[in-house]
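Shown next: query_15.cif, given as mmCIF, C-alpha atoms and all ligand atoms.
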data_model
loop_
_atom_site.label_atom_id
_atom_site.label_comp_id
_atom_site.auth_asym_id
_atom_site.auth_seq_id
_atom_site.Cartn_x
_atom_site.Cartn_y
_atom_site.Cartn_z
CA MET C 1 98.77 83.32 85.79
CA ASP C 2 99.83 86.93 85.45
CA HIS C 3 97.08 89.28 86.62
CA ASP C 4 98.07 91.81 83.94
CA THR C 5 96.73 89.40 81.35
CA THR C 6 93.62 88.47 83.33
CA PRO C 7 92.19 91.74 84.61
CA ALA C 8 88.62 90.43 84.45
CA LEU C 9 89.08 87.88 87.22
CA ARG C 10 87.37 88.66 90.49
CA ARG C 11 89.01 89.08 93.86
CA SER C 12 88.42 85.66 95.41
CA THR C 13 89.79 84.02 92.23
CA LEU C 14 92.81 86.35 92.24
CA GLY C 15 93.46 85.54 95.90
CA ILE C 16 93.91 81.92 94.87
CA HIS C 17 95.47 82.10 91.39
CA ALA C 18 97.19 85.46 90.85
CA GLY C 19 100.97 85.11 90.73
CA GLU C 20 100.88 81.48 89.54
CA GLY C 21 103.56 80.41 87.10
CA PRO C 22 102.89 78.67 83.77
CA ARG C 23 100.97 75.38 84.01
CA GLU C 24 103.07 72.52 82.70
CA PRO C 25 102.84 68.80 83.37
CA GLY C 26 103.97 68.19 86.91
CA THR C 27 103.54 71.80 88.06
CA PRO C 28 102.74 71.75 91.78
CA VAL C 29 99.29 73.05 92.65
CA VAL C 30 100.76 74.83 95.69
CA PRO C 31 103.61 77.23 94.89
CA PRO C 32 106.63 75.56 96.50
CA LEU C 33 108.51 77.11 99.38
CA VAL C 34 111.94 78.14 98.11
CA GLN C 35 113.90 78.27 101.36
CA SER C 36 117.13 79.50 99.80
CA ALA C 37 119.03 82.66 100.66
CA THR C 38 120.80 82.83 97.30
CA PHE C 39 120.55 81.50 93.74
CA PHE C 40 122.94 80.33 91.05
CA TRP C 41 124.30 83.30 89.11
CA GLY C 42 127.49 83.20 87.08
CA ASP C 43 127.74 86.57 85.37
CA PRO C 44 125.57 89.49 84.20
CA ALA C 45 124.32 87.43 81.26
CA ASP C 46 122.37 85.41 83.86
CA GLY C 47 120.04 88.37 84.40
CA GLU C 48 119.03 89.97 87.68
CA LEU C 49 121.00 88.75 90.67
CA ARG C 50 118.71 86.90 93.05
CA TYR C 51 119.18 87.06 96.79
CA SER C 52 116.41 86.78 99.35
CA ARG C 53 117.26 90.10 101.06
CA TYR C 54 116.69 91.72 97.65
CA LEU C 55 113.03 90.65 97.88
CA ASN C 56 113.28 88.61 94.68
CA ASN C 57 113.03 85.08 96.03
CA PRO C 58 110.35 83.23 93.94
CA ASN C 59 107.97 83.28 96.94
CA HIS C 60 108.38 87.08 97.22
CA LEU C 61 107.78 87.60 93.51
CA ALA C 62 104.65 85.45 93.33
CA LEU C 63 103.28 87.12 96.44
CA ALA C 64 103.97 90.60 95.05
CA LYS C 65 101.89 89.80 91.95
CA LYS C 66 99.05 88.44 94.05
CA LEU C 67 99.06 91.48 96.35
CA ALA C 68 99.05 93.91 93.42
CA ALA C 69 96.12 92.01 91.90
CA LEU C 70 94.17 92.16 95.18
CA GLU C 71 94.90 95.84 95.83
CA GLY C 72 94.29 96.76 92.17
CA THR C 73 97.71 98.42 91.87
CA GLU C 74 100.53 98.27 89.36
CA ALA C 75 102.95 96.80 91.90
CA ALA C 76 103.22 95.56 95.49
CA LEU C 77 105.73 94.11 97.90
CA ALA C 78 105.70 92.01 101.06
CA LEU C 79 108.08 92.88 103.90
CA ALA C 80 108.98 91.49 107.32
CA SER C 81 106.23 93.22 109.35
CA GLY C 82 103.54 95.86 109.14
CA MET C 83 105.93 98.30 110.78
CA ALA C 84 108.64 97.41 108.24
CA ALA C 85 106.13 98.20 105.49
CA MET C 86 105.18 101.52 107.12
CA SER C 87 108.73 102.61 107.90
CA MET C 88 110.04 101.68 104.43
CA ALA C 89 107.09 103.44 102.75
CA LEU C 90 107.90 106.61 104.71
CA LEU C 91 111.71 106.45 104.57
CA ALA C 92 111.55 105.95 100.80
CA HIS C 93 109.75 109.27 100.39
CA VAL C 94 111.43 111.59 102.90
CA GLU C 95 114.92 112.92 103.57
CA ALA C 96 116.51 115.01 106.34
CA GLY C 97 114.52 118.25 106.52
CA SER C 98 111.29 116.70 105.18
CA HIS C 99 107.94 117.09 106.89
CA ILE C 100 104.95 114.75 107.16
CA VAL C 101 101.33 115.66 107.89
CA ALA C 102 99.67 112.76 109.69
CA SER C 103 96.27 111.96 111.12
CA ARG C 104 96.19 111.93 114.90
CA TYR C 105 94.36 108.59 114.71
CA LEU C 106 97.22 106.15 114.14
CA TYR C 107 98.39 102.78 115.43
CA GLY C 108 100.60 103.39 118.49
CA ALA C 109 103.88 102.21 116.95
CA THR C 110 103.32 104.35 113.85
CA GLN C 111 102.83 107.32 116.16
CA GLY C 112 106.02 106.35 117.98
CA LEU C 113 107.92 106.13 114.69
CA LEU C 114 106.78 109.61 113.68
CA SER C 115 107.20 111.34 117.02
CA GLY C 116 110.17 109.48 118.54
CA GLU C 117 112.28 108.00 115.77
CA LEU C 118 111.99 109.99 112.54
CA PRO C 119 112.85 113.33 114.24
CA ARG C 120 116.29 111.77 114.98
CA ARG C 121 116.72 111.61 111.20
CA GLY C 122 115.58 115.19 110.71
CA VAL C 123 112.03 114.29 109.62
CA THR C 124 109.26 116.04 111.54
CA THR C 125 105.52 115.44 111.66
CA THR C 126 102.50 117.61 112.32
CA PHE C 127 99.56 115.59 113.67
CA VAL C 128 96.13 116.86 112.65
CA ASP C 129 92.55 116.11 113.56
CA PRO C 130 91.61 114.40 110.29
CA PHE C 131 87.93 115.28 110.68
CA GLN C 132 88.50 119.01 110.99
CA PRO C 133 87.89 120.64 107.60
CA GLY C 134 91.01 122.35 106.29
CA ALA C 135 93.32 120.91 108.96
CA TRP C 136 95.44 118.91 106.51
CA GLU C 137 95.89 121.77 104.08
CA ALA C 138 96.73 124.24 106.86
CA ALA C 139 99.52 121.96 108.13
CA ILE C 140 101.27 121.59 104.75
CA ARG C 141 104.63 123.36 104.48
CA PRO C 142 107.00 123.78 101.54
CA GLU C 143 109.05 120.85 102.88
CA THR C 144 106.04 118.51 103.33
CA ARG C 145 106.44 115.30 101.34
CA VAL C 146 103.85 112.85 102.69
CA LEU C 147 100.24 112.84 103.95
CA LEU C 148 99.67 109.85 106.23
CA MET C 149 96.36 108.40 107.35
CA GLU C 150 94.90 105.17 108.70
CA THR C 151 91.43 103.86 107.91
CA PRO C 152 89.54 102.35 109.63
CA THR C 153 91.27 103.78 112.67
CA ASN C 154 92.63 101.64 115.47
CA PRO C 155 90.74 101.11 117.79
CA SER C 156 88.05 103.78 117.41
CA LEU C 157 86.97 102.43 114.00
CA ARG C 158 86.47 105.86 112.43
CA ILE C 159 86.43 105.85 108.62
CA LEU C 160 88.42 108.52 106.79
CA ASP C 161 87.55 109.63 103.27
CA PRO C 162 90.79 109.50 101.27
CA ARG C 163 89.32 111.19 98.19
CA PRO C 164 89.72 114.85 99.25
CA LEU C 165 93.18 114.04 100.63
CA ALA C 166 94.16 112.39 97.37
CA ALA C 167 93.10 115.54 95.49
CA LEU C 168 95.08 117.69 97.94
CA ALA C 169 98.15 115.44 97.65
CA ARG C 170 97.99 115.55 93.86
CA SER C 171 97.65 119.35 93.75
CA ARG C 172 100.69 119.78 96.05
CA GLY C 173 102.87 117.01 94.63
CA LEU C 174 102.69 114.93 97.85
CA VAL C 175 102.43 111.19 98.41
CA LEU C 176 99.30 109.94 100.19
CA VAL C 177 100.10 106.88 102.34
CA SER C 178 97.42 104.97 104.24
CA ASP C 179 97.45 102.05 106.63
CA CYS C 180 94.38 100.01 105.63
CA THR C 181 95.05 96.98 107.86
CA PHE C 182 91.66 96.99 109.62
CA ALA C 183 89.81 96.70 106.31
CA SER C 184 92.09 94.33 104.34
CA PRO C 185 91.96 94.56 100.53
CA THR C 186 88.65 92.66 100.59
CA ASN C 187 86.77 95.41 102.42
CA PHE C 188 88.57 98.44 101.04
CA ARG C 189 90.54 99.01 97.86
CA GLY C 190 92.48 102.09 98.91
CA ALA C 191 94.15 102.66 95.54
CA ALA C 192 90.77 102.95 93.81
CA HIS C 193 90.02 105.86 96.17
CA GLY C 194 93.23 107.73 95.41
CA ILE C 195 95.68 106.39 98.02
CA ASP C 196 99.17 106.30 96.49
CA ILE C 197 100.69 103.74 98.84
CA VAL C 198 98.45 101.27 100.69
CA VAL C 199 100.13 99.71 103.72
CA GLN C 200 98.82 96.58 105.43
CA SER C 201 100.02 94.69 108.46
CA ALA C 202 99.72 91.27 106.80
CA THR C 203 100.12 89.79 110.27
CA LYS C 204 96.38 90.46 110.57
CA TYR C 205 93.69 89.61 107.98
CA LEU C 206 95.95 88.81 105.02
CA GLY C 207 97.80 86.10 106.95
CA GLY C 208 94.66 85.42 108.91
CA HIS C 209 95.89 82.73 111.31
CA SER C 210 98.00 84.65 113.88
CA ASP C 211 101.02 82.56 112.92
CA LEU C 212 103.22 84.98 110.97
CA ILE C 213 104.49 88.56 111.03
CA ALA C 214 104.48 90.40 107.69
CA GLY C 215 103.55 93.69 106.05
CA THR C 216 102.72 94.85 102.55
CA VAL C 217 102.89 97.99 100.44
CA ALA C 218 100.99 98.47 97.18
CA GLY C 219 101.01 101.32 94.68
CA SER C 220 102.50 102.44 91.38
CA LYS C 221 105.62 100.71 90.07
CA ALA C 222 107.60 103.91 90.65
CA HIS C 223 106.59 104.09 94.33
CA VAL C 224 107.13 100.38 94.97
CA ASP C 225 110.50 100.36 93.14
CA ARG C 226 111.66 103.20 95.36
CA ILE C 227 110.56 101.25 98.47
CA ILE C 228 112.40 98.14 97.20
CA GLN C 229 115.58 100.22 96.78
CA VAL C 230 115.40 101.43 100.38
CA ALA C 231 114.34 98.05 101.81
CA ARG C 232 117.30 96.30 100.16
CA LEU C 233 119.55 98.59 102.21
CA TYR C 234 117.71 98.51 105.55
CA GLY C 235 117.08 94.79 105.12
CA PRO C 236 113.54 93.99 106.42
CA ALA C 237 113.06 91.12 103.95
CA LEU C 238 110.22 88.70 104.56
CA ASP C 239 111.52 85.21 105.31
CA PRO C 240 110.51 82.82 102.47
CA HIS C 241 108.65 80.56 104.90
CA ALA C 242 106.54 83.49 106.13
CA ALA C 243 105.94 84.43 102.46
CA PHE C 244 104.73 80.87 101.81
CA LEU C 245 102.38 81.01 104.82
CA LEU C 246 101.13 84.45 103.83
CA ASP C 247 100.26 83.20 100.34
CA ARG C 248 98.39 80.30 101.93
CA GLY C 249 96.46 82.69 104.16
CA ILE C 250 95.52 84.99 101.28
CA ARG C 251 93.92 82.06 99.42
CA THR C 252 91.04 82.14 101.93
CA LEU C 253 90.99 85.90 102.60
CA ASP C 254 87.72 86.62 100.81
CA VAL C 255 85.77 83.82 102.42
CA ARG C 256 87.18 84.62 105.86
CA MET C 257 86.30 88.29 105.50
CA GLU C 258 82.70 87.42 104.62
CA ARG C 259 82.37 85.59 107.96
CA HIS C 260 84.32 88.22 109.94
CA ASN C 261 82.05 90.94 108.52
CA ARG C 262 78.84 89.04 109.25
CA SER C 263 79.72 87.93 112.78
CA ALA C 264 81.06 91.33 113.87
CA LEU C 265 77.88 93.11 112.75
CA GLU C 266 75.70 90.52 114.48
CA LEU C 267 77.70 90.83 117.70
CA ALA C 268 77.63 94.64 117.51
CA ARG C 269 73.82 94.55 117.41
CA TRP C 270 73.78 92.00 120.23
CA PHE C 271 76.08 94.07 122.48
CA GLN C 272 73.73 97.04 122.06
CA GLY C 273 71.13 95.16 124.10
CA GLN C 274 73.47 94.13 126.94
CA ALA C 275 73.49 95.64 130.44
CA GLY C 276 76.81 97.16 131.51
CA VAL C 277 77.73 98.25 127.98
CA SER C 278 77.61 102.01 127.54
CA ARG C 279 78.70 102.19 123.90
CA VAL C 280 79.08 99.88 120.93
CA ILE C 281 81.31 101.03 118.08
CA HIS C 282 81.08 99.39 114.66
CA PRO C 283 80.90 101.13 111.28
CA GLY C 284 77.95 98.93 110.27
CA LEU C 285 75.71 100.39 113.00
CA PRO C 286 73.53 103.29 111.82
CA ASP C 287 74.56 105.39 114.87
CA HIS C 288 78.26 105.20 113.96
CA PRO C 289 79.47 108.72 113.00
CA ASP C 290 80.88 107.45 109.67
CA HIS C 291 78.18 104.92 108.79
CA ALA C 292 77.14 106.71 105.58
CA LEU C 293 80.72 107.07 104.36
CA ALA C 294 81.50 103.46 105.32
CA SER C 295 78.46 102.28 103.34
CA GLU C 296 79.72 104.24 100.34
CA ILE C 297 83.40 103.36 100.22
CA LEU C 298 83.82 100.04 102.06
CA GLU C 299 82.85 96.70 100.59
CA GLY C 300 82.37 95.24 104.08
CA PHE C 301 82.14 96.87 107.52
CA GLY C 302 84.90 94.67 108.94
CA GLY C 303 85.51 92.18 111.69
CA MET C 304 86.53 94.71 114.34
CA LEU C 305 84.20 95.87 117.04
CA SER C 306 84.74 98.00 120.13
CA VAL C 307 82.63 98.32 123.26
CA VAL C 308 82.89 100.65 126.22
CA LEU C 309 81.96 99.09 129.56
CA GLU C 310 80.15 101.14 132.19
CA GLY C 311 82.48 100.11 135.01
CA GLY C 312 85.61 101.57 133.36
CA GLY C 313 89.03 99.89 133.50
CA GLU C 314 88.13 97.53 136.34
CA ALA C 315 85.07 96.21 134.51
CA ALA C 316 87.16 95.74 131.39
CA ASP C 317 89.86 93.82 133.31
CA ARG C 318 87.14 91.58 134.80
CA PHE C 319 85.50 91.04 131.40
CA LEU C 320 88.78 89.91 129.83
CA SER C 321 89.66 87.60 132.71
CA ARG C 322 86.31 85.76 132.43
CA LEU C 323 86.49 84.94 128.72
CA ARG C 324 86.64 81.22 127.90
CA VAL C 325 86.22 81.11 124.09
CA ALA C 326 87.50 84.53 123.02
CA MET C 327 91.07 85.08 124.17
CA ALA C 328 92.66 88.12 125.75
CA ALA C 329 95.60 88.99 123.47
CA PRO C 330 96.75 91.90 121.34
CA SER C 331 96.64 91.73 117.53
CA LEU C 332 93.67 91.01 115.28
CA GLY C 333 92.49 89.48 112.04
CA GLY C 334 93.00 85.82 112.93
CA VAL C 335 90.52 82.95 112.91
CA GLU C 336 90.25 83.18 116.70
CA THR C 337 88.47 86.00 118.52
CA LEU C 338 90.99 88.23 120.30
CA VAL C 339 90.08 90.85 122.87
CA SER C 340 92.31 93.63 124.17
CA GLN C 341 92.28 96.93 126.02
CA PRO C 342 94.14 99.61 124.06
CA ARG C 343 95.09 101.31 127.35
CA HIS C 344 97.27 98.26 128.09
CA THR C 345 98.46 97.56 124.51
CA SER C 346 98.61 99.78 121.41
CA HIS C 347 97.88 103.04 123.25
CA ALA C 348 99.69 102.34 126.54
CA GLY C 349 102.18 105.11 125.77
CA LEU C 350 99.48 107.82 125.82
CA SER C 351 98.06 109.61 128.85
CA VAL C 352 94.42 109.05 129.89
CA ALA C 353 93.56 112.50 128.48
CA GLU C 354 95.30 111.77 125.17
CA ARG C 355 93.42 108.48 124.88
CA GLU C 356 90.12 110.16 125.72
CA ALA C 357 90.80 112.74 123.00
CA GLN C 358 91.02 109.80 120.58
CA GLY C 359 87.73 108.35 121.85
CA ILE C 360 89.36 105.63 123.99
CA PRO C 361 88.17 106.03 127.61
CA ASP C 362 89.10 103.48 130.30
CA GLY C 363 86.63 100.61 129.93
CA PHE C 364 87.22 100.53 126.17
CA VAL C 365 87.51 96.95 124.89
CA ARG C 366 88.57 96.08 121.35
CA ILE C 367 87.31 92.84 119.86
CA SER C 368 88.70 91.16 116.76
CA VAL C 369 85.80 88.89 115.91
CA GLY C 370 87.06 85.52 114.71
CA LEU C 371 85.44 82.68 112.83
CA GLU C 372 83.98 80.75 115.77
CA ASP C 373 80.23 80.07 115.85
CA VAL C 374 78.70 83.44 116.67
CA GLU C 375 76.28 81.87 119.20
CA ASP C 376 79.25 80.50 121.17
CA LEU C 377 80.78 83.98 121.18
CA LYS C 378 77.54 85.54 122.44
CA SER C 379 77.37 83.01 125.32
CA ASP C 380 81.02 83.66 126.19
CA PHE C 381 80.57 87.45 126.16
CA ALA C 382 77.31 87.20 128.13
CA SER C 383 78.97 85.25 130.94
CA ALA C 384 82.01 87.53 130.91
CA LEU C 385 79.73 90.57 131.27
CA GLY C 386 78.29 88.76 134.28
C1 LIG K 401 96.63 99.19 112.25
C2 LIG K 401 97.95 98.54 112.43
N1 LIG K 401 98.96 98.91 111.64
C3 LIG K 401 100.19 98.36 111.75
C4 LIG K 401 100.46 97.42 112.71
C5 LIG K 401 101.85 96.85 112.83
O1 LIG K 401 101.89 95.58 112.26
P1 LIG K 401 103.03 94.51 112.61
O2 LIG K 401 102.83 94.07 114.01
O3 LIG K 401 102.82 93.45 111.57
O4 LIG K 401 104.34 95.21 112.44
C6 LIG K 401 99.43 96.99 113.56
C7 LIG K 401 99.70 95.97 114.60
O5 LIG K 401 98.92 95.73 115.48
C8 LIG K 401 98.15 97.57 113.42
O6 LIG K 401 97.14 97.22 114.22
#

Could you take the file, read its structure, and then write that structure out as structure tokens?
Ligand SMILES: Cc1ncc(COP(=O)(O)O)c(C=O)c1O
Amino acid sequence: MDHDTTPALRRSTLGIHAGEGPREPGTPVVPPLVQSATFFWGDPADGELRYSRYLNNPNHLALAKKLAALEGTEAALALASGMAAMSMALLAHVEAGSHIVASRYLYGATQGLLSGELPRRGVTTTFVDPFQPGAWEAAIRPETRVLLMETPTNPSLRILDPRPLAALARSRGLVLVSDCTFASPTNFRGAAHGIDIVVQSATKYLGGHSDLIAGTVAGSKAHVDRIIQVARLYGPALDPHAAFLLDRGIRTLDVRMERHNRSALELARWFQGQAGVSRVIHPGLPDHPDHALASEILEGFGGMLSVVLEGGGEAADRFLSRLRVAMAAPSLGGVETLVSQPRHTSHAGLSVAEREAQGIPDGFVRISVGLEDVEDLKSDFASALG
């Protein structure tokens, strides 16, 4: 089933059927894993040369169609990790001497890529406060090529409005790239709001079971073709087995997101009534600074939730060590509830002051709410709070 010919299908149906081949007698219901590095090819009359590093293994191609259908874009591509997706999306659109304007609220490794690695290739970045009116425009230079944002932000769960940035990017001939991992394509269709290249760490909600590492990019055919060109040279191809698992995960994305969204909001309200908790951060709460925007542009508030504990870092360490159902571990988006402290994980490279400037004081705990019974999670969190 080619999504181009079935645009009327809805997202949960596309998550299951988009990318399917023709139905003939004996067609397997599950797209088979094609664990082959290379494919028979005699001469140019045999068409495009297939090789799994070229990202044209049958599992890659079916997955690309499904991802494009879910993101509502012309094209998409799955790569070996979220960071592979981000670095290929950027490297495809910059050259030595180029400049990037990026939100200050970014996943730690993306920040590291921009501030530690790309400068070695002659690509510099200006980080801006994305909520300061005019900051993006003021940072643009003649050599700027890319505007880069992340929404919702990790781990402060701020929601950025891509629409004014998309207008700015269009008027200056720039590419707007956004990491939308925390939302997944179920909760936020970035392309419909003007993002040129949507990046996801598919390790998280798309895969959904914490058993694979993958990343995706989605956008126009021209943008994705350029990323394919670069990725074939750098080589971060997704292994066919991980592509197979990712497709399996995506089949249940919509139904998982419904439960993630519901449980996280319920737990956010519950944490608000608990002693020892000084702040609860979730875009579905009316006191969240971006609640109105989130209600307008998201289709679900998400499965991520952050709390700040009154006792600071020590209280957070104690809280994590007492958990019996939820598990202390980095990462997110799986069926199991994972809890982490950004000061020890994604934001360990920043100083206390830098973290505080991003709204991450010591005592900040990030919770990826899984699919367990929400009452069991409440009991677990209650005893961990002590
Ligand atoms: C928001 C966000 N973007 C990107 C990444 C990187 O993804 P991966 O680990 O699949 O490379 C992560 C990983 O935690 C993330 O949280």

As a quick test: using all atoms listed in the file, which residues lie no more than 8 Å away from ligand LIG 401 (chain K)? Give them as JSON, numbers by chain. {"C": [80, 81, 82, 83, 84, 85, 86, 106, 107, 109, 110, 150, 153, 154, 179, 180, 181, 182, 200, 201, 202, 203, 204, 213, 214, 215, 330, 331, 332, 346]}

For a test of reading the model, state the distance in Å between CA of Ala62 in chain C and CA of Ala18 in chain C, rounded to one decimal. 7.9 Å

Closest pair table for range 225-277 of chain C residues within 10 Å of range 304-313 of chain C, all atoms listed in the file, as CSV:
residue,atom,partner,partner_atom,distance
C:His260,CA,C:Met304,CA,8.1
C:Asn261,CA,C:Met304,CA,8.3
C:Ser263,CA,C:Met304,CA,9.7
C:Ala264,CA,C:Leu305,CA,6.4
C:Leu265,CA,C:Leu305,CA,8.1
C:Leu267,CA,C:Leu305,CA,8.3
C:Ala268,CA,C:Leu305,CA,6.7
C:Phe271,CA,C:Val307,CA,7.8
C:Gln272,CA,C:Val307,CA,9.1
C:Ala275,CA,C:Glu310,CA,8.8
C:Gly276,CA,C:Glu310,CA,5.2
C:Val277,CA,C:Leu309,CA,4.6

Tell me which protein, DNA and RNA residues are within 12 Å of Pro361 in chain C, counting only C-alpha atoms, leaving out same-chain ones fewer than 3 positions away, and put them as an MDAnalysis selection string. chainID C and resid 155:156 278:279 306:313 316 341:344 347 350:358 364:366

Restricting the calculation to all atoms listed in the file, which member of C:Pro119, C:Gly26, C:Gly190, C:Pro164 is positioned closest to Glu299 in chain C?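 Using all atoms listed in the file, the shortest distance to Glu299 in chain C belongs to C:Gly190.
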
C:Leu168, C:Leu148, C:Ala382, C:Val177: which is nearest Val217 in chain C, counting only C-alpha atoms? C:Val177

Got a sec: who's within 12 Å of Arg10 in chain C, counting all atoms listed in the file, leaving out chain neighbours fewer than 3 positions off, as a PyMOL selection string? chain C and resi 3+6-7+13-18+69-72+186+254

Next, write the just-selected residues to a file, as a compact mmCIF listing (two decimals), keeping the file's coordinate frame, keeping C-alpha atoms as the atom set.
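New file again_18.txt:
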# COMPACT_ATOMS: atom_id res chain seq x y z
CA HIS C 3 97.08 89.28 86.62
CA THR C 6 93.62 88.47 83.33
CA PRO C 7 92.19 91.74 84.61
CA THR C 13 89.79 84.02 92.23
CA LEU C 14 92.81 86.35 92.24
CA GLY C 15 93.46 85.54 95.90
CA ILE C 16 93.91 81.92 94.87
CA HIS C 17 95.47 82.10 91.39
CA ALA C 18 97.19 85.46 90.85
CA ALA C 69 96.12 92.01 91.90
CA LEU C 70 94.17 92.16 95.18
CA GLU C 71 94.90 95.84 95.83
CA GLY C 72 94.29 96.76 92.17
CA THR C 186 88.65 92.66 100.59
CA ASP C 254 87.72 86.62 100.81

Could you name the residues that touch Ile159 in chain C at 7 Å or less, counting only C-alpha atoms, but leaving out those on the same chain fewer than 5 positions away, as a ChimeraX atom specification? /C:151-153,290,294

Which residue is closest to Ser178 in chain C? Choose from C:Asp129, C:Gly122, C:Ala89, C:Leu246 and count only C-alpha atoms.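 Counting only C-alpha atoms, the residue closest to Ser178 in chain C is C:Ala89.
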
Figure out the distance between CA of Tyr234 in chain C and CA of Ser52 in chain C, please, to one decimal in Å.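 A separation of 13.3 Å between them.
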
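Note that CA of Leu245 in chain C and CA of Gly370 in chain C are 18.8 Å apart.
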
Given all atoms listed in the file as the basis, pick out the residue of C:Arg262, C:Arg121, C:Lys66, C:Arg170 nearest to Val369 in chain C. C:Arg262

May I ask which of the residues C:Leu298, C:Ala76, C:Leu238, C:Leu377 is the closest one to Ala326 in chain C, counting all atoms listed in the file?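 That would be C:Leu377, the residue with the smallest distance to Ala326 in chain C.
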